[in-house]
Structures are given as C-alpha cells and as structure tokens.
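Here's the structure, in structure tokens; my notes come after.
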Amino acid sequence: MSRPSIETESFRNPLRNASERHLVARDSWVRRTLKALAWKGFGQVLFCAKLGYSILGVTRRVDTIIYKVDRLGDWLLVEPTITRIVTETRSRGETVVVWAALEAAAIREWRTPDYKVEEFFLEPKGLAAKVRRAFAVVGLLARYRARRFICLRYSPEPVRDFVLANVNAEEIYALSWRIAAGPPATIPHEVYRHHAILASVGLEPKNPEELLPRISVWRGRSARRVVLAPFSSAKIKDWMDESWCKVAEALTSRELLFEIWVGADQRAMADGLARKMAEHLGTNNIEIRSGPLGQLAEAVGSAHLVLTVDTFAAHLAVALDARMVCLIGGGQFGDFGPWHNSARQRWVTYELPCFGCNWRCTRVRVECLEDIPVSRVLLEIEAALAVTSVRSST
C-alpha cells in the first residue's frame with residue numbers, strides 16, 4: 001500500500017551552529033555505515049548457520065510466522081490481530097509461531113498466550129548485548145522455514161530489514177510506517193496498519209474497531225485512588241514534575257490517594273516526584289507502586305482516575321474503559337494514540353506544526369508536552385470524571 005507524504009514544518013535548533021550540525025551529521029553517517037557493515041557480516045554468519053541446520057536436520061517448518069518485536073503498549077494493541085491470525089491458521093490445521101520482543105515479556109506473563117513465542121531483545125543496551133541479539137536473530141532465521149511471514153512491526157530499522165531480507169518464507173507480508181495522515185478519530189494508525197496487513201491475507205474484519213483491545217468493563221470501585229504513571233519509555237515523552245504537583249494540589253479537596261506506578265528502573269525518579277508532591281499537598285497520601293502487570297491492571301481497572309503520559313498505562317486504561325487523562329506529545333501523534341473506548345478517556349497535547357517528528361525534536365524545548373497548561377489538564381480531568389455510564393465490553 002502506498003504511503004502518503006507527511007508534510008511538516010522544519011524548525012532549526014538555534015543552539016546548534018553549522019559546525020555542530022556537520023559533526024552530528026558525520027557521526028550519524030559513521031554509525032549507519034558501521035551498522036550496515038555489521039549486519040552484512042551477520043549475513044555471512046546466517047549463510048553458514050542455515051547450511052549447518054540443514055545438514056543436522058534441525059530446521060523447523062511452520063505454516064505462519066508472525067513478527068511483532070515491540071514494547072508493552074504495542075503488544076497490547078496487536079493482541080486482537082495476532083489472535084485473529086492464530087485462530088484462522090489453526091482452523092486449517094496449520095502451525096504458527098510468533099517472534100516477539102523480550103521488552104514485552106511481562107504482558108505475556110500476565111496474559112499468557114496459547115501459541116509459541118520466540119523472543120529476543122528489541123533495544124539491548126551495550127555492544128555485547130547487541131551482538132547477542134544479532135546472534136539470536138540469526139538463529140531464528142536459520143532454524144525456521146515458513147509458508148508465510150507476517151510482519152506486524154512497521155518502523156524500518158536494521159533488525160527488521162535484516163529479517164525481511166533473509167527470512168525463509170514463500171510469502172512475505174509487510175508494511176512500512178504510516179498509511180494515513182492526520183490524527184485519527186477513534187482508531188490509531190497502528191491498528192489501521194494491522195487491518196491493512198490482515199486485508200492482504202484475507203482476514204480483515206469489516207470494521208477496524210474490532211481490532212482494538214477490550215479487556216473488561218471499568219467498574220470504578222475506588223472513590224479515592226488515583227493511578228499516576230508519570231514516566232514514559234524516554235524522558236522526551238514526559239511531563240514536568242512541577243506540573244504534576246500542581247495538578248495534585250488542585251485536587252487536594254477531594255482527599256485522593258495517589259499511587260505512583262513506575263518500573264523498577266524509575267524508582268529514583270518516583271521518589272523525587274513523591275517528595276515534591278508531598279510538599280505541595282501537605283499530606284502523605286502518596287504511595288510508590290511497582291509490580292507485575294496484573295497488579296497494575298487491577299489498580300487501573302478499579303481506580304477513580306488514571307493520569308499518565310504516552311505509555312502502556314494509557315493503552316491499558318482505554319482497554320479497561322477507565323477514567324483516564326493522558327498527556328501525549330507530537331512525536332508519533334496519531335500512530336498509537338489518541339484512541340477511545342468511551343468519553344471517559346481524554347488525551348491532551350499542545351499542537352504544533354512539527355507533529356510527526358518521530359521524536360527527533362528540533363525545538364529548544366519539547367513544547368508539545370512542556371507547554372500543556374495545568375488548567376487544560378484539570379478541565380479534562382473534570383470531563384472524564386463527569387462520565388458515569390458504563391459501556392459493554394466487546
């Protein structure tokens with residue numbers, strides 16, 4: 001499917017002079033060249049590995065390989081699409097395996113799939129870990145043969161490109177990045193991409209909304225708990241601590257209990273935010289929580305309100321139809337959000353003409369998030385709390 005061009009206004013960082021830009025461009029070129037040479041080398045390794053597996057007779061034949069090497073939120077969004085492919089494949093008595101990212105392993109521990117999953121890291125840290133990742137990819141490519149290979153990751157990148165160029169499959173279904181311009185109404189572009197892939201294999205539903213995740217119906221059992229997920233996968237996607245404190249301070253009269261949910265590597269940031277919030281609130285009604293995703297899902301599903309940035313918690317809240325206000329930046333606006341289950345979910349951003357930058361920010365500040373006014377967030381909170389009707393799950 002052809003991809004329409006996305007026109008965005010370009011902004012130049014005034015802090016970067018011509019010399020600095022030249023150095024950055026040269027460094028980027030060197031990195032790309034080294035990566036290309038490295039993957040070419042692994043291509044030779046793959047050739048030898050395929051030959052060895054063939055001689056030893058340990059090559060595995062399956063009918064369908066599904067490639068979805070992504071993070072937690074992306075996995076939640078793709079679950080209905082994978083389920084549709086797996087169900088259809090098994091109905092014909094055929095076999096299926098999914099290649100996935102270890103970064104999303106926690107959600108599969110919570111929602112255990114009934115199909116085989118082969119895992120490797122999407123974004124390993126350090127050279128040694130990246131080499132191990134490459135050997136894991138080579139091992140899968142050497143071991144598996146398939147009738148069809150369905151790629152559900154759309155961002156062009158060295159690993160994905162290497163897999164698509166070397167997978168041993170009779171049919172390959174893949175799509176690169178955007179297929180739609182502008183913000184979606186209720187369905188993010190990612191789900192439209194899943195729908196397009198399904199259409200190519202004759203499995204698409206009549207309505208793309210059928211591919212949105214629905215976990216259960218929100219019940220709103222807690223009158224006090226606010227689940228706050230203030231940190232995303234990258235600092236550039238976060239709101240400012242001071243702004244979260246002002247929001248909490250404005251809600252003081254409601255006597256709410258704030259639960260700050262973070263990953264294990266975000267504990268220090270959470271401690272700092274909790275101290276600031278305590279100073280603003282003059283109360284200790286603040287807890288820092290982390291744990292299995294099942295516990296987070298229970299907290300979100302029973303919360304009075306969920307406040308978050310563009311993270312897995314936002315997708316989870318919408319899938320649960322919880323009251324939620326999500327602050328979302330413009331880096332990939334429309335691709336993974338906004339989307340809604342009901343009017344209880346509110347997405348807030350500060351619109352700029354440079355939306356769609358893929359988080360390669362050219363501004364002095366990340367204005368699409370930093371310039372979201374607290375007053376706007378408070379208005380969206382009141383709008384979310386005002387919706388009381390419960391929508392049936394699908």
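The chains in the structure tokens are called A, B, ... from first to last as shown; in each chain the residues are counted from 1, and the ligands are counted from 1 in the order shown.
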
Please report, as CSV, each residue of range 77-133 of chain A lying at most 12 Å from range 190-199 of chain A, together with the nearest pair of atoms and the separation in Å rounded to one decimal; use only C-alpha atoms, and order rows by chain and ascending residue number.
residue,atom,partner,partner_atom,distance
A:Leu77,CA,A:Val191,CA,7.2
A:Val78,CA,A:Val191,CA,7.5
A:Glu79,CA,A:His194,CA,10.4
A:Pro80,CA,A:His194,CA,9.6
A:Thr81,CA,A:His194,CA,6.6
A:Ile82,CA,A:His194,CA,9.3
A:Thr83,CA,A:Leu198,CA,11.6
A:Arg84,CA,A:Leu198,CA,8.8
A:Ile85,CA,A:Leu198,CA,8.0
A:Val86,CA,A:Leu198,CA,11.8
A:Glu88,CA,A:Leu198,CA,11.1

TODO: Please provide as a PyMOL selection string all residues within 6 Å of Ser222 in chain A, with the sequence filter that same-chain residues fewer than 5 positions apart are discarded (counting only C-alpha atoms).
DONE: chain A and resi 302-304

For N, CA and C atoms, I'd like the residues from the last selection saved as a short mmCIF file (atom, residue, chain, number, x, y, z; two decimals), in the first residue's frame.
data_model
loop_
_atom_site.label_atom_id
_atom_site.label_comp_id
_atom_site.auth_asym_id
_atom_site.auth_seq_id
_atom_site.Cartn_x
_atom_site.Cartn_y
_atom_site.Cartn_z
N SER A 302 -9.78 -0.49 38.76
CA SER A 302 -10.62 -0.12 39.90
C SER A 302 -10.37 1.30 40.37
N ALA A 303 -9.58 2.07 39.62
CA ALA A 303 -9.21 3.42 40.06
C ALA A 303 -10.33 4.42 39.83
N HIS A 304 -10.32 5.45 40.64
CA HIS A 304 -11.21 6.59 40.44
C HIS A 304 -10.78 7.38 39.20
#

Open item on the list: Just to confirm, what's the straight-line distance from CA of Ile107 in chain A to CA of Leu72 in chain A in Å (one decimal)?
Closed with: 6.5 Å

TODO: For range 146-157 of chain A, work out the shell of residues within 7 Å, counting only C-alpha atoms and skipping chain neighbours fewer than 5 positions away, then give it as a PyMOL selection string.
DONE: chain A and resi 61-69+168-177+194

Cut-off 12 Å: closest range 234-304 of chain A/range 366-370 of chain A atom pairs per residue, using only C-alpha atoms, as JSON lines:
{"residue": "A:Lys235", "atom": "CA", "partner": "A:Val366", "partner_atom": "CA", "distance": 10.1}
{"residue": "A:Ile236", "atom": "CA", "partner": "A:Val366", "partner_atom": "CA", "distance": 6.9}
{"residue": "A:Lys237", "atom": "CA", "partner": "A:Leu369", "partner_atom": "CA", "distance": 7.3}
{"residue": "A:Asp238", "atom": "CA", "partner": "A:Leu369", "partner_atom": "CA", "distance": 7.2}
{"residue": "A:Trp239", "atom": "CA", "partner": "A:Leu369", "partner_atom": "CA", "distance": 6.0}
{"residue": "A:Met240", "atom": "CA", "partner": "A:Glu370", "partner_atom": "CA", "distance": 6.7}
{"residue": "A:Asp241", "atom": "CA", "partner": "A:Glu370", "partner_atom": "CA", "distance": 10.4}
{"residue": "A:Glu242", "atom": "CA", "partner": "A:Glu370", "partner_atom": "CA", "distance": 10.6}
{"residue": "A:Ser243", "atom": "CA", "partner": "A:Glu370", "partner_atom": "CA", "distance": 8.8}
{"residue": "A:Trp244", "atom": "CA", "partner": "A:Glu370", "partner_atom": "CA", "distance": 11.3}

Same residues, C-alpha atoms, output as a JSON list (two decimals), in the first residue's frame:
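Once written, part-v1.json looks like this:
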[["chain", "number", "residue", "atom", "x", "y", "z"],
["A", 235, "LYS", "CA", 12.45, 11.40, 29.07],
["A", 236, "ILE", "CA", 11.42, 13.36, 25.98],
["A", 237, "LYS", "CA", 7.89, 11.94, 26.35],
["A", 238, "ASP", "CA", 7.42, 13.00, 30.00],
["A", 239, "TRP", "CA", 5.61, 15.96, 31.53],
["A", 240, "MET", "CA", 7.32, 18.10, 34.18],
["A", 241, "ASP", "CA", 7.25, 17.07, 37.86],
["A", 242, "GLU", "CA", 6.18, 20.57, 38.88],
["A", 243, "SER", "CA", 3.15, 20.36, 36.62],
["A", 244, "TRP", "CA", 2.08, 17.02, 38.11]]

- [ ] Could you give me the residues within range 20-73 of chain A that DSSP places in strand (DSSP E or B), as an MDAnalysis selection string?
- [x] chainID A and resid 60:68

Output file for the selection above: C-alpha atoms, as a PDB file, in the first residue's frame:
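This went into again.pdb:
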ATOM      1  CA  ARG A  60      11.786 -26.292  11.760  1.00  0.00           C
ATOM      2  CA  ARG A  61       8.925 -25.903   9.268  1.00  0.00           C
ATOM      3  CA  VAL A  62       5.837 -23.898  10.247  1.00  0.00           C
ATOM      4  CA  ASP A  63       2.980 -22.529   8.198  1.00  0.00           C
ATOM      5  CA  THR A  64       2.942 -18.978   9.610  1.00  0.00           C
ATOM      6  CA  ILE A  65       5.480 -16.814  11.388  1.00  0.00           C
ATOM      7  CA  ILE A  66       4.160 -13.592  12.955  1.00  0.00           C
ATOM      8  CA  TYR A  67       6.809 -10.931  13.623  1.00  0.00           C
ATOM      9  CA  LYS A  68       5.908  -8.451  16.367  1.00  0.00           C
TER      10      LYS A  68
END

- [ ] Find the residues around Met269 in chain A up to 12 Å (only C-alpha atoms counted), leave out those fewer than 2 positions away in its own chain, and share them as a ChimeraX atom specification.
- [x] /A:229-232,235,238,240-241,260-267,271-276,288

- [ ] List every residue of range 141-222 of chain A that DSSP, applied to the backbone of this structure, places in helix (DSSP H, G or I), and write the result as a list of chain:residue names.
- [x] A:Leu141, A:Ala142, A:Arg143, A:Pro158, A:Val159, A:Arg160, A:Asp161, A:Phe162, A:Val163, A:Leu164, A:Ala165, A:Asn166, A:His189, A:Glu190, A:Val191, A:Tyr192, A:Arg193, A:His194, A:His195, A:Ala196, A:Ile197, A:Leu198, A:Ala199, A:Ser200, A:Pro208, A:Glu209, A:Glu210, A:Leu211

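Residue nearest Asn284 in chain A within the list A:Phe333, A:Tyr115, A:Trp75, A:Phe258: A:Phe258 [criterion: smallest interatomic distance, only C-alpha atoms].
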
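Counting from CA of Ser91 in chain A, the distance to CA of Glu209 in chain A is 23.2 Å.
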
TODO: Might you pull out every residue within 9 Å of range 293-296 of chain A, with only C-alpha atoms counted and same-chain residues fewer than 3 positions away left off, and present them as a list in words?
DONE: Ala106, Ile107, Glu109, Trp110, Arg111, Val227, Trp261, Arg289, Ser290, Ala299, Val300, Gly301 and Ala313 of chain A

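Atom to atom, CA of Ile179 in chain A and CA of Gly329 in chain A stand 19.9 Å apart.
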